[in-house]
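Student: I am sharing my_file-v1.txt, which consists of compact mmCIF, C-alpha atoms:
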```
# COMPACT_ATOMS: atom_id res chain seq x y z
CA MET A 1 0.00 0.00 0.00
CA GLU A 2 2.78 2.40 0.91
CA PHE A 3 4.58 1.51 -2.32
CA LEU A 4 1.46 2.32 -4.40
CA LYS A 5 1.10 5.65 -2.61
CA GLN A 6 4.71 6.57 -3.34
CA THR A 7 4.24 5.58 -7.00
CA VAL A 8 1.17 7.82 -7.30
CA ASP A 9 3.02 10.70 -5.63
CA ILE A 10 5.96 10.32 -8.05
CA LYS A 11 3.63 10.33 -11.07
CA HIS A 12 1.79 13.39 -9.73
CA TRP A 13 5.12 15.19 -9.12
CA LYS A 14 6.34 14.36 -12.66
CA ARG A 15 3.09 15.61 -14.19
CA LYS A 16 3.21 18.81 -12.16
CA THR A 17 6.87 19.35 -13.06
CA LYS A 18 6.08 18.84 -16.75
CA ILE A 19 3.31 21.47 -16.63
CA ILE A 20 5.61 23.95 -14.87
CA VAL A 21 8.40 23.37 -17.41
CA ILE A 22 5.99 23.87 -20.35
CA PHE A 23 4.64 27.05 -18.75
CA ILE A 24 8.16 28.43 -18.23
CA LEU A 25 9.13 27.57 -21.82
CA VAL A 26 6.05 29.39 -23.17
CA LEU A 27 6.91 32.44 -21.04
CA LEU A 28 10.53 32.39 -22.26
CA ILE A 29 9.44 32.14 -25.91
CA ALA A 30 6.93 34.99 -25.48
CA ALA A 31 9.56 37.10 -23.68
CA GLY A 32 12.09 36.37 -26.43
CA ILE A 33 9.67 37.51 -29.14
CA LEU A 34 8.70 40.67 -27.25
CA ALA A 35 12.37 41.44 -26.51
CA ALA A 36 13.24 41.05 -30.20
CA ILE A 37 10.60 43.53 -31.36
CA LYS A 38 11.07 45.95 -28.44
CA PRO A 39 11.71 49.53 -29.68
CA ASP A 40 15.29 50.66 -29.04
CA LYS A 41 16.54 54.05 -27.85
CA GLN A 42 16.59 55.61 -31.30
CA ALA A 43 13.05 54.43 -32.05
CA LEU A 44 11.85 56.12 -28.85
CA LEU A 45 13.76 59.35 -29.57
CA ASP A 46 12.23 59.49 -33.05
CA GLU A 47 8.81 59.90 -31.40
CA VAL A 48 9.63 62.97 -29.27
CA SER A 49 8.12 66.34 -30.15
CA PRO A 50 9.79 68.52 -32.82
CA GLU A 51 10.86 71.02 -30.14
CA MET A 52 12.60 68.36 -28.04
CA HIS A 53 14.09 66.77 -31.16
CA LYS A 54 15.57 70.14 -32.13
CA LEU A 55 17.14 70.61 -28.68
CA ILE A 56 18.68 67.11 -28.83
CA GLU A 57 20.18 67.87 -32.25
CA GLN A 58 21.61 71.14 -30.94
CA ASP A 59 23.22 69.26 -28.02
CA GLU A 60 24.98 66.94 -30.46
CA ASN A 61 26.83 69.93 -31.95
CA SER A 62 27.45 71.73 -28.67
CA SER A 63 29.68 71.11 -25.64
CA ARG A 64 26.98 72.45 -23.35
CA LYS A 65 24.24 69.90 -22.75
CA ARG A 66 20.74 71.21 -22.21
CA VAL A 67 18.84 67.93 -22.53
CA THR A 68 19.20 64.96 -20.20
CA VAL A 69 18.24 61.70 -21.91
CA THR A 70 17.65 58.60 -19.75
CA TYR A 71 17.10 55.24 -21.42
CA ASN A 72 16.22 52.05 -19.54
CA SER A 73 15.68 48.68 -21.18
CA LEU A 74 13.98 46.03 -19.05
CA ILE A 75 13.73 42.70 -20.92
CA VAL A 76 10.53 43.21 -22.95
CA ILE A 77 9.87 46.90 -22.36
CA SER A 78 11.92 50.07 -22.81
CA TYR A 79 11.63 53.53 -21.30
CA CYS A 80 13.08 56.88 -22.34
CA SER A 81 12.93 60.20 -20.51
CA CYS A 82 14.04 63.53 -22.02
CA SER A 83 14.32 66.61 -19.80
CA SER A 84 15.55 70.02 -20.90
CA SER A 85 16.83 72.86 -18.73
CA GLY A 86 16.98 76.61 -19.19
CA ALA A 87 14.33 78.90 -20.59
CA ASN A 88 12.77 76.14 -22.70
CA GLU A 89 12.33 73.71 -19.83
CA MET A 90 10.25 70.69 -20.83
CA SER A 91 10.01 66.98 -20.14
CA GLU A 92 8.85 64.03 -22.25
CA ARG A 93 8.64 60.32 -21.44
CA LEU A 94 8.07 57.39 -23.77
CA VAL A 95 7.51 53.66 -23.35
CA GLY A 96 8.27 51.02 -25.97
CA PHE A 97 6.47 47.68 -25.95
CA ALA A 98 5.57 45.03 -28.56
CA GLY A 99 7.01 47.11 -31.38
CA GLN A 100 4.98 50.20 -30.47
CA VAL A 101 5.97 53.50 -28.85
CA TYR A 102 3.65 55.17 -26.35
CA HIS A 103 3.88 58.63 -24.82
CA ALA A 104 4.10 58.24 -21.04
CA ASP A 105 3.44 61.74 -19.74
CA GLN A 106 0.10 60.90 -18.16
CA GLY A 107 -2.30 58.10 -17.32
CA ALA A 108 -1.50 54.38 -17.33
CA ALA A 109 1.49 54.83 -19.67
CA GLU A 110 3.09 57.25 -17.17
CA PHE A 111 2.61 54.72 -14.36
CA VAL A 112 4.15 51.92 -16.45
CA GLY A 113 7.08 54.15 -17.42
CA GLN A 114 7.78 55.00 -13.78
CA MET A 115 7.62 51.32 -12.79
CA VAL A 116 10.12 50.39 -15.53
CA ASN A 117 12.47 53.21 -14.51
CA TYR A 118 12.33 52.37 -10.80
CA THR A 119 12.64 48.61 -11.35
CA TYR A 120 15.61 49.07 -13.68
CA ARG A 121 17.44 51.12 -11.06
CA MET A 122 16.58 48.81 -8.14
CA LEU A 123 17.76 45.73 -10.02
CA GLY A 124 21.12 47.42 -10.46
CA CYS A 125 21.04 47.04 -14.25
CA GLY A 126 24.28 48.32 -15.73
CA GLU A 127 25.91 48.50 -12.28
CA ASN A 128 28.44 46.27 -10.56
CA MET A 129 27.67 43.31 -8.31
CA LEU A 130 27.05 45.39 -5.19
CA HIS A 131 23.83 47.10 -6.24
CA GLY A 132 20.10 46.65 -5.77
CA ALA A 133 18.57 43.22 -6.05
CA LYS A 134 21.92 41.60 -6.85
CA LEU A 135 23.34 42.81 -3.54
CA THR A 136 20.25 41.59 -1.65
CA ILE A 137 20.49 38.06 -3.11
CA PHE A 138 24.29 37.90 -2.86
CA LEU A 139 24.32 39.02 0.78
CA THR A 140 21.50 36.62 1.71
CA VAL A 141 23.16 33.58 0.13
CA LEU A 142 26.54 34.27 1.75
CA THR A 143 24.91 34.96 5.12
CA VAL A 144 23.06 31.65 5.20
CA VAL A 145 26.08 29.67 3.95
CA PHE A 146 28.34 31.11 6.66
CA GLY A 147 25.52 30.89 9.21
CA VAL A 148 25.02 27.17 8.59
CA ILE A 149 28.76 26.43 8.76
CA LEU A 150 29.24 28.36 12.02
CA GLY A 151 25.89 27.10 13.34
CA MET A 152 27.04 23.49 12.95
CA PHE A 153 29.99 24.10 15.30
CA LEU A 154 27.77 25.99 17.74
CA ALA A 155 25.18 23.21 17.76
CA LEU A 156 27.83 20.57 18.44
CA GLY A 157 29.31 22.85 21.09
CA LYS A 158 25.98 23.25 22.85
CA MET A 159 25.50 19.49 22.79
CA SER A 160 29.03 18.87 24.07
CA LYS A 161 29.54 17.35 27.51
CA ARG A 162 32.49 19.68 28.07
CA ARG A 163 31.14 22.35 30.35
CA VAL A 164 33.23 25.28 29.02
CA VAL A 165 32.39 24.57 25.37
CA ASN A 166 28.73 24.06 26.22
CA ARG A 167 28.49 27.32 28.21
CA LEU A 168 30.31 29.39 25.55
CA SER A 169 28.11 28.06 22.74
CA SER A 170 24.95 28.58 24.78
CA ALA A 171 26.01 32.14 25.69
CA TYR A 172 26.71 32.98 22.02
CA ILE A 173 23.30 31.67 20.92
CA PHE A 174 21.52 33.48 23.77
CA PHE A 175 23.26 36.78 23.00
CA PHE A 176 22.59 36.89 19.25
CA ARG A 177 19.03 35.63 19.57
CA GLY A 178 18.30 37.98 22.47
CA THR A 179 19.43 41.28 20.91
CA PRO A 180 18.03 43.16 17.89
CA LEU A 181 19.73 42.50 14.55
CA LEU A 182 19.80 46.22 13.75
CA ILE A 183 21.75 46.97 16.94
CA GLN A 184 24.16 44.14 16.14
CA LEU A 185 24.71 45.69 12.71
CA PHE A 186 25.43 49.08 14.30
CA VAL A 187 27.89 47.52 16.75
CA VAL A 188 29.80 45.74 13.97
CA TYR A 189 29.78 48.74 11.61
CA PHE A 190 30.28 51.63 14.05
CA THR A 191 31.29 50.47 17.53
CA ILE A 192 33.98 47.89 16.75
CA PRO A 193 35.90 50.17 14.32
CA GLY A 194 35.61 52.97 16.91
CA ILE A 195 37.10 50.79 19.64
CA PHE A 196 39.95 49.34 17.59
CA GLY A 197 40.64 52.47 15.53
CA PHE A 198 40.04 51.37 11.96
CA ALA A 199 37.47 51.84 9.20
CA TRP A 200 35.88 49.10 7.13
CA ARG A 201 36.66 50.98 3.92
CA GLU A 202 40.38 50.71 4.70
CA LEU A 203 40.17 47.01 3.81
CA PHE A 204 39.84 48.10 0.19
CA ASP A 205 41.33 50.67 -2.16
CA THR A 206 40.43 53.94 -0.41
CA SER A 207 40.97 55.90 -3.63
CA SER A 208 37.93 54.12 -5.09
CA ALA A 209 34.45 55.49 -4.47
CA GLU A 210 33.25 51.91 -4.01
CA ALA A 211 35.49 51.35 -0.96
CA VAL A 212 32.84 52.72 1.43
CA TYR A 213 30.15 50.40 0.04
CA GLN A 214 32.50 47.40 -0.05
CA GLY A 215 33.43 48.01 3.58
CA ALA A 216 29.76 48.31 4.51
CA PHE A 217 29.07 45.05 2.67
CA VAL A 218 31.76 43.18 4.65
CA ALA A 219 30.46 44.60 7.95
CA SER A 220 26.90 43.62 7.02
CA LEU A 221 27.99 40.12 6.04
CA ILE A 222 29.76 39.64 9.38
CA ALA A 223 26.79 40.95 11.41
CA PHE A 224 24.17 38.94 9.53
CA SER A 225 26.27 35.76 9.50
CA LEU A 226 26.89 35.93 13.26
CA ASN A 227 23.17 36.44 13.85
CA SER A 228 22.08 33.74 11.41
CA ALA A 229 24.56 31.27 12.96
CA ALA A 230 22.73 31.49 16.29
CA TYR A 231 19.39 30.57 14.71
CA CYS A 232 20.94 27.90 12.46
CA ALA A 233 22.63 26.39 15.53
CA GLU A 234 19.27 25.80 17.20
CA ILE A 235 17.85 24.36 13.98
CA ILE A 236 20.80 21.99 13.60
CA ARG A 237 20.78 21.02 17.29
CA ALA A 238 17.07 20.18 17.17
CA ALA A 239 17.59 18.10 14.03
CA LEU A 240 20.54 16.21 15.55
CA GLN A 241 18.70 15.50 18.79
CA SER A 242 15.61 14.31 16.92
CA ILE A 243 17.50 11.23 15.75
CA ASP A 244 16.62 8.21 17.88
CA LYS A 245 19.13 7.54 20.67
CA GLY A 246 19.25 3.94 19.58
CA GLN A 247 21.32 5.06 16.59
CA ASN A 248 23.97 6.36 19.02
CA GLU A 249 23.94 3.19 21.03
CA ALA A 250 24.21 1.02 17.91
CA ALA A 251 27.19 3.06 16.68
CA GLN A 252 28.92 2.70 20.04
CA ALA A 253 28.28 -1.06 19.96
CA LEU A 254 30.09 -1.15 16.61
CA GLY A 255 33.09 0.57 18.19
CA MET A 256 32.58 4.06 16.76
CA ASN A 257 33.66 7.10 18.75
CA TYR A 258 31.63 10.32 19.12
CA ALA A 259 33.07 12.03 16.03
CA GLN A 260 32.57 8.98 13.81
CA THR A 261 29.01 8.55 15.06
CA MET A 262 28.13 12.17 14.29
CA VAL A 263 29.79 12.27 10.86
CA LYS A 264 28.72 8.86 9.57
CA ILE A 265 25.41 8.19 11.32
CA ILE A 266 23.67 11.17 12.94
CA ILE A 267 24.44 14.13 10.65
CA PRO A 268 23.54 12.39 7.33
CA GLN A 269 20.12 11.44 8.74
CA SER A 270 19.47 14.85 10.33
CA ILE A 271 20.24 16.81 7.13
CA ARG A 272 16.82 15.90 5.76
CA ARG A 273 15.14 17.31 8.84
CA MET A 274 17.16 20.53 8.67
CA ILE A 275 16.02 21.47 5.15
CA PRO A 276 12.57 23.01 5.92
CA PRO A 277 13.66 25.24 8.86
CA ILE A 278 16.89 26.32 7.12
CA CYS A 279 14.88 27.24 4.03
CA ASN A 280 12.64 29.31 6.29
CA GLU A 281 15.73 30.95 7.79
CA PHE A 282 16.88 31.88 4.28
CA ILE A 283 13.58 33.65 3.57
CA MET A 284 13.80 35.48 6.90
CA VAL A 285 17.36 36.63 6.17
CA LEU A 286 16.30 37.77 2.69
CA LYS A 287 13.84 40.18 4.27
CA ASP A 288 16.13 41.14 7.16
CA VAL A 289 18.80 42.24 4.68
CA SER A 290 16.67 45.34 4.05
CA LEU A 291 18.08 46.65 7.37
CA VAL A 292 21.33 47.55 5.56
CA PHE A 293 19.61 50.78 4.49
CA ALA A 294 20.61 52.00 7.98
CA ILE A 295 24.29 52.07 6.90
CA SER A 296 23.47 53.27 3.35
CA LEU A 297 24.39 50.00 1.65
CA MET A 298 22.73 49.99 -1.75
CA ASP A 299 20.25 47.14 -1.54
CA ILE A 300 16.68 47.22 -2.90
CA THR A 301 15.35 49.20 0.08
CA THR A 302 18.11 51.82 0.02
CA VAL A 303 17.92 52.29 -3.75
CA SER A 304 14.13 52.67 -3.62
CA LYS A 305 14.44 55.20 -0.78
CA ASN A 306 17.00 57.21 -2.77
CA ILE A 307 14.77 57.15 -5.85
CA MET A 308 11.84 58.35 -3.76
CA THR A 309 13.95 61.24 -2.46
CA SER A 310 15.16 62.29 -5.92
CA GLU A 311 11.94 61.66 -7.87
CA GLY A 312 9.51 62.67 -5.14
CA SER A 313 7.28 59.68 -5.93
CA TYR A 314 6.17 57.13 -3.36
CA LEU A 315 5.22 54.75 -6.20
CA VAL A 316 8.80 53.50 -6.09
CA PHE A 317 7.92 51.23 -3.17
CA VAL A 318 5.44 49.27 -5.34
CA PRO A 319 8.11 47.68 -7.60
CA ALA A 320 10.31 47.25 -4.49
CA LEU A 321 7.61 45.08 -2.91
CA ILE A 322 7.12 43.15 -6.15
CA ILE A 323 10.87 42.49 -6.53
CA TYR A 324 11.07 41.17 -2.96
CA LEU A 325 8.00 39.01 -3.61
CA ILE A 326 9.43 37.58 -6.84
CA ILE A 327 12.79 36.76 -5.22
CA THR A 328 11.03 35.15 -2.26
CA ALA A 329 8.71 33.16 -4.54
CA PHE A 330 11.65 31.94 -6.63
CA PHE A 331 13.59 30.60 -3.67
CA THR A 332 10.43 29.25 -2.03
CA CYS A 333 9.75 27.12 -5.12
CA ILE A 334 13.30 25.77 -4.99
CA TYR A 335 13.03 24.95 -1.30
CA ASN A 336 9.61 23.34 -1.70
CA ALA A 337 11.12 21.04 -4.33
CA LEU A 338 14.04 20.21 -2.03
CA GLU A 339 11.69 19.61 0.88
CA LYS A 340 9.53 17.19 -1.11
CA LYS A 341 12.58 15.36 -2.38
CA PHE A 342 14.59 15.02 0.82
CA SER A 343 12.37 15.62 3.84
CA VAL A 344 10.92 12.68 5.68
CA TYR A 345 7.64 12.91 7.59
CA GLU A 346 6.42 10.00 9.63
```
Could the structure of this file be written out as structure tokens, please?

Tutor:
Amino acid sequence: MEFLKQTVDIKHWKRKTKIIVIFILVLLIAAGILAAIKPDKQALLDEVSPEMHKLIEQDENSSRKRVTVTYNSLIVISYCSCSSSGANEMSERLVGFAGQVYHADQGAAEFVGQMVNYTYRMLGCGENMLHGAKLTIFLTVLTVVFGVILGMFLALGKMSKRRVVNRLSSAYIFFFRGTPLLIQLFVVYFTIPGIFGFAWRELFDTSSAEAVYQGAFVASLIAFSLNSAAYCAEIIRAALQSIDKGQNEAAQALGMNYAQTMVKIIIPQSIRRMIPPICNEFIMVLKDVSLVFAISLMDITTVSKNIMTSEGSYLVFVPALIIYLIITAFFTCIYNALEKKFSVYE
């Protein structure tokens, strides 16, 4: 009976996977077609008013620029903004989609144009690795990786029969779980350099403008990893202790020591039980990373806040929410697949 149930579950999973794959392929084909016929920068500029077109032509033959042209291309849709200064101050916005160009100075087209512009900037398109959504994902992945590695040692330390190791591990976990993550970030970024007389940017080329952000990234990674390790340690400890004690006794009967028992018997079995809570920890860290706005690190939240300040539009937080939701949904799907494949429920 159990075998038949597993067979049905496998067939259902294969059918569901096939439908998802077909759906993704259709989306990719549609996106490829729309991207191929998407109007480029020149096509958008050809649709500006004669007055703006004349100013742009004058700028091409002059060292003094009076028109600021911004062009953003986001997969299947493009956006262009032209703003002039001086006595003839004017502004025009255009959106290109499905081979057509639309004026985006009012109505729904204006809203779409703003969303494309804000999303483009928050994703860090055209920027280096440490910008926008790329920074958020990169920092989250590294945090959880380091958190799991350190958490493993902390979990084993808390389970150790050696009193000093047990107390130190327990104190670490209590401290980082009992204090706010934002305060921990401030301590790592401001307090520790103040005590020891150094600056995080000094770890990099101080002549580079990126040194400040790179230093802030390292400080954030340390603070988040130390915090995540405390939570991962409790997850790992619970998973290790959930294994039946008879496994320990059987290993000892076979002549295995503590280290061999943990590495060869306990840990391999407990990994399956760790997957769901560690996946949940990843999602929590992904959202907690938004706290780096407090030290001006350019993640999605900070970029959206800066755009709001410069553009004066609170609509910027709409694409910010959507980007977070898409990233969370993407990793949730991956973790759900891992959970179904490896987790064991009795």

Student: Using all atoms listed in the file, pick whichever of A:Cys232, A:Ile149, A:Leu135, A:Ala250 has the shortest atom-to-atom distance to Leu297 in chain A.

Tutor: A:Leu135

Student: Identify, on the basis of only C-alpha atoms, every residue whose closest approach to range 53-61 of chain A does not exceed 12 Å; exclude the query and any residue fewer than 5 positions from it along the same chain; express the result as a PyMOL selection string.

Tutor: chain A and resi 42+44-48+66-69+82-92

Student: How many Å lie between CA of Val188 in chain A and CA of Ala219 in chain A, rounded to one decimal?

Tutor: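 The value is 6.2 Å.
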
Student: Determine the nearest neighbour of Val289 in chain A from the options A:Gln106, A:Thr206, A:Gln214, A:Thr136, counting all atoms listed in the file.

Tutor: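 Closest to Val289 in chain A, using all atoms listed in the file: A:Thr136.
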
Student: Let me make sure I understand: among A:Thr301, A:Ser313, A:Thr261, A:Thr328, which one has the smallest atom-to-atom distance to Cys279 in chain A if we use all atoms listed in the file?

Tutor: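 Closest to Cys279 in chain A, using all atoms listed in the file: A:Thr328.
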
Student: Just checking: using all atoms listed in the file, which residue out of A:Leu154, A:Leu94, A:Ala259, A:Ala216 ends up closest to Pro39 in chain A?

Tutor: A:Leu94

Student: Can you rebuild range 19-48 of chain A with N, CA and C atoms and give it as a short mmCIF file (atom, residue, chain, number, x, y, z; two decimals), in the frame of the given file?

Tutor:
```
data_model
loop_
_atom_site.label_atom_id
_atom_site.label_comp_id
_atom_site.auth_asym_id
_atom_site.auth_seq_id
_atom_site.Cartn_x
_atom_site.Cartn_y
_atom_site.Cartn_z
N ILE A 19 4.15 20.29 -16.39
CA ILE A 19 3.31 21.47 -16.63
C ILE A 19 4.07 22.75 -16.34
N ILE A 20 4.83 22.76 -15.24
CA ILE A 20 5.61 23.95 -14.87
C ILE A 20 6.67 24.24 -15.92
N VAL A 21 7.35 23.20 -16.39
CA VAL A 21 8.40 23.37 -17.41
C VAL A 21 7.81 23.93 -18.70
N ILE A 22 6.65 23.38 -19.12
CA ILE A 22 5.99 23.87 -20.35
C ILE A 22 5.60 25.33 -20.18
N PHE A 23 5.05 25.67 -19.02
CA PHE A 23 4.64 27.05 -18.75
C PHE A 23 5.83 28.01 -18.82
N ILE A 24 6.95 27.59 -18.22
CA ILE A 24 8.16 28.43 -18.23
C ILE A 24 8.69 28.59 -19.66
N LEU A 25 8.66 27.51 -20.43
CA LEU A 25 9.13 27.57 -21.82
C LEU A 25 8.27 28.52 -22.65
N VAL A 26 6.94 28.47 -22.44
CA VAL A 26 6.05 29.39 -23.17
C VAL A 26 6.35 30.83 -22.80
N LEU A 27 6.57 31.08 -21.48
CA LEU A 27 6.91 32.44 -21.04
C LEU A 27 8.22 32.92 -21.66
N LEU A 28 9.22 32.03 -21.69
CA LEU A 28 10.53 32.39 -22.26
C LEU A 28 10.41 32.69 -23.75
N ILE A 29 9.62 31.90 -24.47
CA ILE A 29 9.44 32.14 -25.91
C ILE A 29 8.74 33.47 -26.14
N ALA A 30 7.67 33.72 -25.36
CA ALA A 30 6.93 34.99 -25.48
C ALA A 30 7.84 36.17 -25.14
N ALA A 31 8.64 36.02 -24.06
CA ALA A 31 9.56 37.10 -23.68
C ALA A 31 10.61 37.33 -24.75
N GLY A 32 11.10 36.23 -25.36
CA GLY A 32 12.09 36.37 -26.43
C GLY A 32 11.54 37.12 -27.63
N ILE A 33 10.30 36.82 -28.00
CA ILE A 33 9.67 37.51 -29.14
C ILE A 33 9.47 38.99 -28.83
N LEU A 34 8.94 39.27 -27.64
CA LEU A 34 8.70 40.67 -27.25
C LEU A 34 10.01 41.45 -27.13
N ALA A 35 11.07 40.78 -26.63
CA ALA A 35 12.37 41.44 -26.51
C ALA A 35 12.95 41.75 -27.89
N ALA A 36 12.70 40.86 -28.85
CA ALA A 36 13.24 41.05 -30.20
C ALA A 36 12.59 42.23 -30.92
N ILE A 37 11.30 42.45 -30.66
CA ILE A 37 10.60 43.53 -31.36
C ILE A 37 10.47 44.79 -30.50
N LYS A 38 11.13 44.79 -29.35
CA LYS A 38 11.07 45.95 -28.44
C LYS A 38 11.74 47.16 -29.09
N PRO A 39 11.09 48.32 -29.12
CA PRO A 39 11.71 49.53 -29.68
C PRO A 39 12.98 49.92 -28.92
N ASP A 40 14.04 50.28 -29.68
CA ASP A 40 15.29 50.66 -29.04
C ASP A 40 15.30 52.16 -28.73
N LYS A 41 16.43 52.65 -28.26
CA LYS A 41 16.54 54.05 -27.85
C LYS A 41 16.24 55.01 -29.00
N GLN A 42 16.79 54.71 -30.17
CA GLN A 42 16.59 55.61 -31.30
C GLN A 42 15.14 55.64 -31.73
N ALA A 43 14.47 54.49 -31.68
CA ALA A 43 13.05 54.43 -32.05
C ALA A 43 12.21 55.28 -31.10
N LEU A 44 12.57 55.29 -29.82
CA LEU A 44 11.85 56.12 -28.85
C LEU A 44 12.13 57.60 -29.08
N LEU A 45 13.40 57.94 -29.34
CA LEU A 45 13.76 59.35 -29.57
C LEU A 45 13.12 59.90 -30.84
N ASP A 46 12.87 59.04 -31.81
CA ASP A 46 12.23 59.49 -33.05
C ASP A 46 10.80 59.95 -32.83
N GLU A 47 10.21 59.57 -31.68
CA GLU A 47 8.81 59.90 -31.40
C GLU A 47 8.65 61.14 -30.51
N VAL A 48 9.76 61.76 -30.10
CA VAL A 48 9.63 62.97 -29.27
C VAL A 48 9.11 64.12 -30.10
#
```
